[in-house]
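Heads up: the structure comes next, in structure tokens.
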Amino acid sequence: MPDSATPRAVVHNATVAMRLAEAFARHGVTVTFGQSLPSAFHLAAPQAGIRQAMYRQENMGGIMADGYARISGRVGVVTAQNGPAAALLVAPLAEALKASVPVVALVQEVNRNQADKNAFQELDHIRMFDAVAKWVRRIDRADRLEDYVDMAFTAAASGRPGPAVLLVPADLLTDNAAPPSPRRASLGIYPLDRSLPDPALIEQAADLLAKAKAPLVLAGGGVHLSDASAALAALQQEAHLPVGTTVMGKGAADENHPLTLGIIGYVMSPGARSHRMRAMVERSDVVLLVGTRTNANGTDNWTMFPEGTRFIHIDPDPQEIGRNYEALRLVGDARLTLEALRAALAKRDLSARKSARDSIAGEIAEAVSDWRRRIQDVSTREGRRVRPERIMAELDRRMTGEEIVVGDASYSSMWVGQFLTARRAGQRFLTPRGIAGLGWGLPLAIGAQVAAPDRRVICLAGDGGFGHSWAELEMLRRHELPVTLIVLNNGILGYQKHAEQVKFGEHTDAVDFTEVDHSLIAKGCGVASLRVTEASEIGAALDEAFSARRPMLIDVVSDPDARPPINYYAGHFDEPY
């Protein structure tokens with residue numbers, strides 16, 4: 001049963017906008033990401049205890065709500081006006097849909113008497129949002145408001161979480177409202193409904209894992225969404241199971257645990273922590289998939305597992321199970337299902353698993369030691385054209401496990417994933433891997449910092465990605481958010497340029513930039529900044545940023561020839577890349 005909640009204040013003679021704010025507050029909403037429109041809503045919302053976190057670009061606002069949801073455990077809310085602002089929500093909602101992040105978008109529409117007349121900035125929002133949301137509806141009657149708000153939050157937070165879109169005509173917001181609602185249910189948390197698979201299927205899964213010769217767990221981002229890291233850690237320890245993660249699943253397992261492989265999938269070539277663990281993955285006979293879409297990146301284009309491998313798949317979305325690998329279907333919440341599986345395994349003979357533990361741990365430890373030797377030079381290298389591995393090494397030494405680290409799309413997600421250590425089960429690393437939109441690192445970090453104002457948030461972005469979101473520096477200053485933003489200024493679109501070289505032997509003209517000093521852009525926005533041109537300067541720059549407890553940008557002139565250990569690059573470049 002969801003917790004009940006009462007809005008801070010209930011206004012008895014109110015507009016629809018006021019009732020809408022009260023309904024959102026009932027679902028635990030305390031902050032919305034929005035510009036001015038819908039103005040009537042934002043003017044009413046403070047009376048219901050909801051504050052407004054602003055954005056400069058509409059697509060950035062959608063990603064801020066996404067980052068907020070990932071960290072807060074609550075549904076993120078973004079608002080937008082009709083027309084171009086609404087259209088710019090399409091990409092962030094697509095990210096939330098693919099990455100299973102609960103977001104409610106409140107979108108203003110034209111006045112009802114102007115519909116289908118080519119009114120200013122009128123669009124068919126229902127058709128536009130249909131492909132990128134779980135649920136899209138228009139409120140056109142004041143007496144149905146509570147119904148539709150509850151449906152929106154239920155859609156966003158239940159089953160496999162995702163985005164819902166609530167459309168409201170501008171003139172309806174200023175109409176007189178119905179009396180206050182008697183409803184008290186609060187539906188803004190996720191997972192909204194935790195469910196368990198059939199107990200008989202849990203027993204079958206336990207039998208498979210207990211009898212397997214080489215079992216493996218692959219944990220995806222769904223472990224974080226379910227707050228299931230502690231349950232996974234207990235299963236890993238007690239059942240002696242090796243655990244690898246996807247990029248979005250990073251932090252689901254403690255990477256200092258002797259049975260944790262780290263990230264596996266499309267980044268396992270020389271230079272990757274898990275490079276020498278590929279053989280372990282390829283000999284697995286039973287694989288437990290937890291909260292993963294089994295997508296191309298997480299499975300190295302579906303080539304990782306040998307023919308004949310048996311799969312067990314835990315996921316709240318029945319459509320994801322069996323999409324790419326026929327599996328024993330454990331449709332349910334990751335945390336509850338892992339706990340039930342752990343209890344079932346405790347009743348079985350795990351002596352074979354226990355006896356194999358030291359050998360597995362030794363293989364992992366040797367692979368990690370080999371990786372550290374391989375990257376020793378690039379992670380300590382001095383001089384100009386700073387290597388990203390050196391930046392990550394300096395950052396890793398300063399991390400405690402409580403930080404939230406955000407990586408922009410493209411190379412930034414890979415540097416964070418491969419070269420920072422998850423020091424505890426449940427540590428958060430946010431990456432936009434749903435559809436991997438470039439430029440989404442900074443707004444994800446802003447949303448995360450709004451959700452966790454007392455935690456340190458660090459964002460890594462390339463200069464190509466950061467070029468999409470410069471304007472949000474002003475948001476850092478306006479909201480006084482102490483995000484540390486590290487920009488890898490290598491003067492190129494790295495992934496695009498290097499992948500084109502591998503595929504075509506040449507590259508397009510668009511991948512090379514003219515020189516940009518991002519520290520000057522930050523200063524122009526009133527954000528403190530540092531420019532690093534020598535590797536020896538990066539440690540002191542991080543120390544200054546961390547001690548300041550204010551927003552700070554570190555512009556690092558980095559090596560354009562540095563490449564993450566992507567499997568696709570193997571044999572094409574010197575290693576480490």
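Ordered as shown in the structure tokens, chains take letters A, B, and onward, while each chain numbers its residues from 1 and ligands are numbered from 1 in the order shown.
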All residues 6 Å or closer to region 418-422 of chain A, only C-alpha atoms, same chain fewer than 2 positions away omitted, as a PyMOL selection string = chain A and resi 251+254-255+392+396+414-416+424
Please tabulate, as a Markdown table, the residues of region 21-126 of chain A that come within 6 Å of region 185-203 of chain A, each with its closest pair of atoms and the distance in Å to one decimal, counting only C-alpha atoms and ordering rows by chain, then residue number upward.
| residue | atom | partner | partner_atom | distance |
| --- | --- | --- | --- | --- |
| A:Arg26 | CA | A:Ser186 | CA | 5.7 |
| A:His27 | CA | A:Ser186 | CA | 4.2 |
| A:Gly28 | CA | A:Gly188 | CA | 5.7 |
| A:Arg74 | CA | A:Ile189 | CA | 4.5 |
| A:Val75 | CA | A:Gly188 | CA | 5.3 |
inquiry  = Between CA of Ile264 (chain A) and CA of Pro215 (chain A), what is the distance in Å, rounded to a tenth?
reply    = 14.9 Å
request  = Taking the DSSP assignment computed from this structure's backbone, write out as an MDAnalysis selection string all residues of region 146-329 of chain A that belong to strand (DSSP E or B).
outcome  = chainID A and resid 163:169 176 185 189 215:219 243:245 260:263 286:290 310:315 327:329
Keeping only C-alpha atoms, write the selected residues as a PDB file, in the first residue's frame.
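This is the output file again-v7.pdb:
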ATOM      1  CA  PRO A 163       7.955   8.499 -18.760  1.00  0.00           C
ATOM      2  CA  ALA A 164       4.332   9.607 -18.757  1.00  0.00           C
ATOM      3  CA  VAL A 165       3.020  12.766 -20.405  1.00  0.00           C
ATOM      4  CA  LEU A 166       0.149  14.837 -19.035  1.00  0.00           C
ATOM      5  CA  LEU A 167      -1.229  17.439 -21.460  1.00  0.00           C
ATOM      6  CA  VAL A 168      -3.289  20.368 -20.193  1.00  0.00           C
ATOM      7  CA  PRO A 169      -4.869  23.219 -22.201  1.00  0.00           C
ATOM      8  CA  ASN A 176     -12.454  27.312 -11.345  1.00  0.00           C
ATOM      9  CA  ALA A 185      -2.632   7.804  -2.025  1.00  0.00           C
ATOM     10  CA  ILE A 189       7.854   6.510  -5.444  1.00  0.00           C
ATOM     11  CA  PRO A 215      27.641 -19.512 -13.234  1.00  0.00           C
ATOM     12  CA  LEU A 216      27.766 -15.762 -13.788  1.00  0.00           C
ATOM     13  CA  VAL A 217      25.574 -12.818 -12.792  1.00  0.00           C
ATOM     14  CA  LEU A 218      25.143  -9.850 -15.157  1.00  0.00           C
ATOM     15  CA  ALA A 219      23.647  -6.870 -13.321  1.00  0.00           C
ATOM     16  CA  VAL A 243      29.198 -10.676 -10.826  1.00  0.00           C
ATOM     17  CA  GLY A 244      29.751  -8.463 -13.838  1.00  0.00           C
ATOM     18  CA  THR A 245      27.805  -5.316 -14.632  1.00  0.00           C
ATOM     19  CA  THR A 260      33.341  -8.756  -9.003  1.00  0.00           C
ATOM     20  CA  LEU A 261      34.521  -8.622 -12.610  1.00  0.00           C
ATOM     21  CA  GLY A 262      33.580  -4.995 -13.310  1.00  0.00           C
ATOM     22  CA  ILE A 263      31.944  -3.846 -16.532  1.00  0.00           C
ATOM     23  CA  VAL A 286      24.302 -20.458 -16.431  1.00  0.00           C
ATOM     24  CA  VAL A 287      23.897 -16.679 -16.531  1.00  0.00           C
ATOM     25  CA  LEU A 288      21.625 -14.799 -14.149  1.00  0.00           C
ATOM     26  CA  LEU A 289      20.503 -11.570 -15.846  1.00  0.00           C
ATOM     27  CA  VAL A 290      19.220  -8.943 -13.406  1.00  0.00           C
ATOM     28  CA  ARG A 310      21.257 -21.275 -19.991  1.00  0.00           C
ATOM     29  CA  PHE A 311      19.778 -17.975 -18.813  1.00  0.00           C
ATOM     30  CA  ILE A 312      17.697 -16.874 -15.852  1.00  0.00           C
ATOM     31  CA  HIS A 313      16.264 -13.386 -16.266  1.00  0.00           C
ATOM     32  CA  ILE A 314      14.878 -11.155 -13.503  1.00  0.00           C
ATOM     33  CA  ASP A 315      12.948  -8.158 -14.788  1.00  0.00           C
ATOM     34  CA  ALA A 327      15.472 -17.628 -20.311  1.00  0.00           C
ATOM     35  CA  LEU A 328      13.816 -18.954 -17.193  1.00  0.00           C
ATOM     36  CA  ARG A 329      11.318 -16.162 -16.612  1.00  0.00           C
TER      37      ARG A 329
END
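The nearest approach to Phe129 (chain A) among the residues A:Asn113, A:Ser274, A:Ala343, A:Ala94, with only C-alpha atoms taken into account, belongs to A:Ala94.
In this structure, CA of Gln52 (chain A) sits 5.6 Å away from CA of Val31 (chain A).
Atom pair CA of Ser39 (chain A) / CA of Val103 (chain A) has a distance of 20.0 Å (rounded to one decimal).
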query = A:Ser100, A:Trp302, A:Glu480, A:Ala210: which is nearest Lys347 (chain A), counting only C-alpha atoms?
reply =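 Smallest distance to Lys347 (chain A) is found for A:Ala210.
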12 Å contact set for Gly83 (chain A), only C-alpha atoms, chain neighbours under 2 positions out, as a tab-separated table (two decimals) with all heavy atoms, in the first residue's frame:
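Saved the output as out_30.tsv:
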chain	number	residue	atom	x	y	z
A	37	LEU	N	6.38	28.43	-18.45
A	37	LEU	CA	5.11	27.81	-18.78
A	37	LEU	C	5.07	26.33	-18.39
A	37	LEU	O	6.10	25.66	-18.46
A	37	LEU	CB	4.86	27.95	-20.28
A	37	LEU	CG	4.79	29.40	-20.78
A	37	LEU	CD1	4.62	29.42	-22.29
A	37	LEU	CD2	3.64	30.14	-20.13
A	58	GLU	N	14.96	23.31	-23.19
A	58	GLU	CA	13.92	22.34	-22.83
A	58	GLU	C	14.43	20.91	-22.79
A	58	GLU	O	14.03	20.13	-21.94
A	58	GLU	CB	12.74	22.47	-23.81
A	58	GLU	CG	11.89	23.69	-23.60
A	58	GLU	CD	12.45	24.94	-24.29
A	58	GLU	OE1	13.53	24.86	-24.92
A	58	GLU	OE2	11.80	26.00	-24.21
A	80	ALA	N	6.77	21.94	-19.66
A	80	ALA	CA	7.13	22.62	-20.91
A	80	ALA	C	5.89	23.22	-21.54
A	80	ALA	O	4.76	22.77	-21.30
A	80	ALA	CB	7.79	21.66	-21.89
A	81	GLN	N	6.10	24.24	-22.34
A	81	GLN	CA	5.00	24.83	-23.10
A	81	GLN	C	4.79	24.06	-24.39
A	81	GLN	O	5.59	23.21	-24.77
A	81	GLN	CB	5.29	26.30	-23.41
A	81	GLN	CG	6.35	26.52	-24.47
A	81	GLN	CD	6.65	27.99	-24.69
A	81	GLN	OE1	7.39	28.60	-23.93
A	81	GLN	NE2	6.07	28.55	-25.74
A	85	ALA	N	9.06	23.82	-27.41
A	85	ALA	CA	9.54	23.35	-26.11
A	85	ALA	C	9.13	21.91	-25.88
A	85	ALA	O	9.91	21.08	-25.39
A	85	ALA	CB	8.99	24.25	-25.00
A	86	ALA	N	7.88	21.60	-26.21
A	86	ALA	CA	7.43	20.21	-26.07
A	86	ALA	C	8.20	19.28	-26.98
A	86	ALA	O	8.58	18.17	-26.59
A	86	ALA	CB	5.93	20.13	-26.38
A	87	ALA	N	8.47	19.73	-28.21
A	87	ALA	CA	9.22	18.88	-29.15
A	87	ALA	C	10.61	18.55	-28.63
A	87	ALA	O	11.13	17.46	-28.87
A	87	ALA	CB	9.31	19.57	-30.51
A	88	LEU	N	11.20	19.49	-27.91
A	88	LEU	CA	12.54	19.25	-27.38
A	88	LEU	C	12.55	18.28	-26.20
A	88	LEU	O	13.62	17.88	-25.74
A	88	LEU	CB	13.20	20.58	-26.98
A	88	LEU	CG	13.70	21.42	-28.17
A	88	LEU	CD1	14.09	22.82	-27.72
A	88	LEU	CD2	14.89	20.74	-28.84
A	89	LEU	N	11.39	17.91	-25.71
A	89	LEU	CA	11.31	16.88	-24.67
A	89	LEU	C	11.36	15.47	-25.24
A	89	LEU	O	11.53	14.50	-24.50
A	89	LEU	CB	10.02	17.02	-23.86
A	89	LEU	CG	9.96	18.13	-22.81
A	89	LEU	CD1	8.62	18.08	-22.09
A	89	LEU	CD2	11.10	17.99	-21.80
A	90	VAL	N	11.21	15.34	-26.55
A	90	VAL	CA	11.13	14.00	-27.14
A	90	VAL	C	12.40	13.20	-26.84
A	90	VAL	O	12.32	12.03	-26.40
A	90	VAL	CB	10.87	14.09	-28.65
A	90	VAL	CG1	11.07	12.73	-29.32
A	90	VAL	CG2	9.45	14.60	-28.92
A	107	VAL	N	2.80	19.17	-19.90
A	107	VAL	CA	2.96	19.98	-21.11
A	107	VAL	C	1.71	20.81	-21.35
A	107	VAL	O	0.60	20.27	-21.44
A	107	VAL	CB	3.24	19.08	-22.34
A	107	VAL	CG1	3.35	19.91	-23.61
A	107	VAL	CG2	4.53	18.29	-22.12
A	108	GLN	N	1.91	22.13	-21.46
A	108	GLN	CA	0.80	23.02	-21.77
A	108	GLN	C	0.39	22.89	-23.23
A	108	GLN	O	1.24	22.70	-24.11
A	108	GLN	CB	1.20	24.46	-21.48
A	108	GLN	CG	0.13	25.48	-21.82
A	108	GLN	CD	0.53	26.88	-21.40
A	108	GLN	OE1	0.53	27.18	-20.21
A	108	GLN	NE2	0.86	27.72	-22.37
A	109	GLU	N	-0.91	22.99	-23.47
A	109	GLU	CA	-1.43	23.00	-24.84
A	109	GLU	C	-2.17	24.32	-25.10
A	109	GLU	O	-2.40	25.12	-24.18
A	109	GLU	CB	-2.37	21.83	-25.05
A	109	GLU	CG	-1.68	20.48	-24.98
A	109	GLU	CD	-2.35	19.43	-25.83
A	109	GLU	OE1	-3.49	19.07	-25.50
A	109	GLU	OE2	-1.74	19.00	-26.82
A	110	VAL	N	-2.55	24.55	-26.35
A	110	VAL	CA	-3.28	25.77	-26.69
A	110	VAL	C	-4.67	25.73	-26.05
A	110	VAL	O	-5.15	24.67	-25.62
A	110	VAL	CB	-3.40	25.94	-28.22
A	110	VAL	CG1	-2.03	26.01	-28.86
A	110	VAL	CG2	-4.22	24.81	-28.84
A	118	ASN	N	-4.72	25.72	-36.24
A	118	ASN	CA	-3.37	26.24	-36.48
A	118	ASN	C	-3.06	27.40	-35.54
A	118	ASN	O	-2.52	28.44	-35.95
A	118	ASN	CB	-3.18	26.68	-37.94
A	118	ASN	CG	-3.11	25.49	-38.87
A	118	ASN	OD1	-2.59	24.44	-38.51
A	118	ASN	ND2	-3.64	25.64	-40.08
A	119	ALA	N	-3.39	27.22	-34.28
A	119	ALA	CA	-3.04	28.21	-33.28
A	119	ALA	C	-1.53	28.30	-33.15
A	119	ALA	O	-0.79	27.40	-33.55
A	119	ALA	CB	-3.66	27.83	-31.94
A	120	PHE	N	-1.06	29.37	-32.55
A	120	PHE	CA	0.38	29.60	-32.40
A	120	PHE	C	1.03	28.46	-31.62
A	120	PHE	O	0.60	28.12	-30.53
A	120	PHE	CB	0.61	30.93	-31.69
A	120	PHE	CG	2.06	31.29	-31.51
A	120	PHE	CD1	2.90	31.47	-32.61
A	120	PHE	CD2	2.59	31.44	-30.24
A	120	PHE	CE1	4.24	31.79	-32.43
A	120	PHE	CE2	3.92	31.78	-30.06
A	120	PHE	CZ	4.75	31.96	-31.15
A	121	GLN	N	2.02	27.85	-32.23
A	121	GLN	CA	2.81	26.75	-31.64
A	121	GLN	C	1.96	25.53	-31.29
A	121	GLN	O	2.29	24.76	-30.39
A	121	GLN	CB	3.58	27.24	-30.40
A	121	GLN	CG	4.63	28.29	-30.75
A	121	GLN	CD	5.50	28.68	-29.57
A	121	GLN	OE1	5.08	28.63	-28.42
A	121	GLN	NE2	6.73	29.07	-29.86
A	122	GLU	N	0.89	25.33	-32.05
A	122	GLU	CA	0.06	24.14	-31.84
A	122	GLU	C	0.69	22.93	-32.53
A	122	GLU	O	1.13	23.02	-33.69
A	122	GLU	CB	-1.35	24.35	-32.38
A	122	GLU	CG	-2.25	23.14	-32.14
A	122	GLU	CD	-3.63	23.30	-32.75
A	122	GLU	OE1	-3.80	24.18	-33.63
A	122	GLU	OE2	-4.54	22.54	-32.37
A	123	LEU	N	0.76	21.81	-31.84
A	123	LEU	CA	1.23	20.55	-32.39
A	123	LEU	C	0.32	19.43	-31.91
A	123	LEU	O	-0.36	19.57	-30.88
A	123	LEU	CB	2.67	20.25	-31.95
A	123	LEU	CG	3.82	20.98	-32.64
A	123	LEU	CD1	5.13	20.62	-31.96
A	123	LEU	CD2	3.88	20.60	-34.11
A	124	ASP	N	0.34	18.32	-32.62
A	124	ASP	CA	-0.36	17.12	-32.16
A	124	ASP	C	0.56	16.42	-31.17
A	124	ASP	O	1.35	15.54	-31.53
A	124	ASP	CB	-0.70	16.22	-33.34
A	124	ASP	CG	-1.55	15.03	-32.93
A	124	ASP	OD1	-1.59	14.72	-31.72
A	124	ASP	OD2	-2.15	14.40	-33.82
A	125	HIS	N	0.49	16.81	-29.91
A	125	HIS	CA	1.41	16.29	-28.90
A	125	HIS	C	1.19	14.80	-28.64
A	125	HIS	O	2.14	14.09	-28.30
A	125	HIS	CB	1.25	17.07	-27.60
A	125	HIS	CG	1.70	18.50	-27.69
A	125	HIS	ND1	0.95	19.56	-27.22
A	125	HIS	CD2	2.82	19.04	-28.21
A	125	HIS	CE1	1.60	20.68	-27.43
A	125	HIS	NE2	2.74	20.40	-28.03
A	128	MET	N	3.06	12.93	-31.18
A	128	MET	CA	4.49	13.19	-31.05
A	128	MET	C	5.11	12.41	-29.89
A	128	MET	O	6.21	11.87	-30.00
A	128	MET	CB	4.73	14.69	-30.85
A	128	MET	CG	6.21	15.08	-30.78
A	128	MET	SD	6.42	16.87	-30.69
A	128	MET	CE	5.88	17.20	-29.02
Test item: residues at most 9 Å from Arg531 (chain A), only C-alpha atoms, excluding those fewer than 5 positions along its chain, as a PyMOL selection string = chain A and resi 517-519+541+553-557
How about saving the chosen residues, C-alpha atoms kept, as a compact mmCIF listing (two decimals), in the first residue's frame?
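Wrote selection_35.txt, looks like this:
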# COMPACT_ATOMS: atom_id res chain seq x y z
CA ASP A 517 38.67 27.85 -23.76
CA HIS A 518 35.79 26.53 -21.69
CA SER A 519 37.14 28.16 -18.55
CA ALA A 541 42.71 21.34 -9.48
CA LEU A 553 34.55 23.84 -14.12
CA ILE A 554 37.94 22.29 -14.82
CA ASP A 555 38.89 22.59 -18.49
CA VAL A 556 41.55 19.97 -19.20
CA VAL A 557 43.47 20.17 -22.46
Secondary structure check, alpha helix (DSSP H) residues of region 117-351 of chain A, as a PyMOL selection string = chain A and resi 125-130+145-157+170-173+199-211+222-225+229-239+278-282+296-299+334-346+351
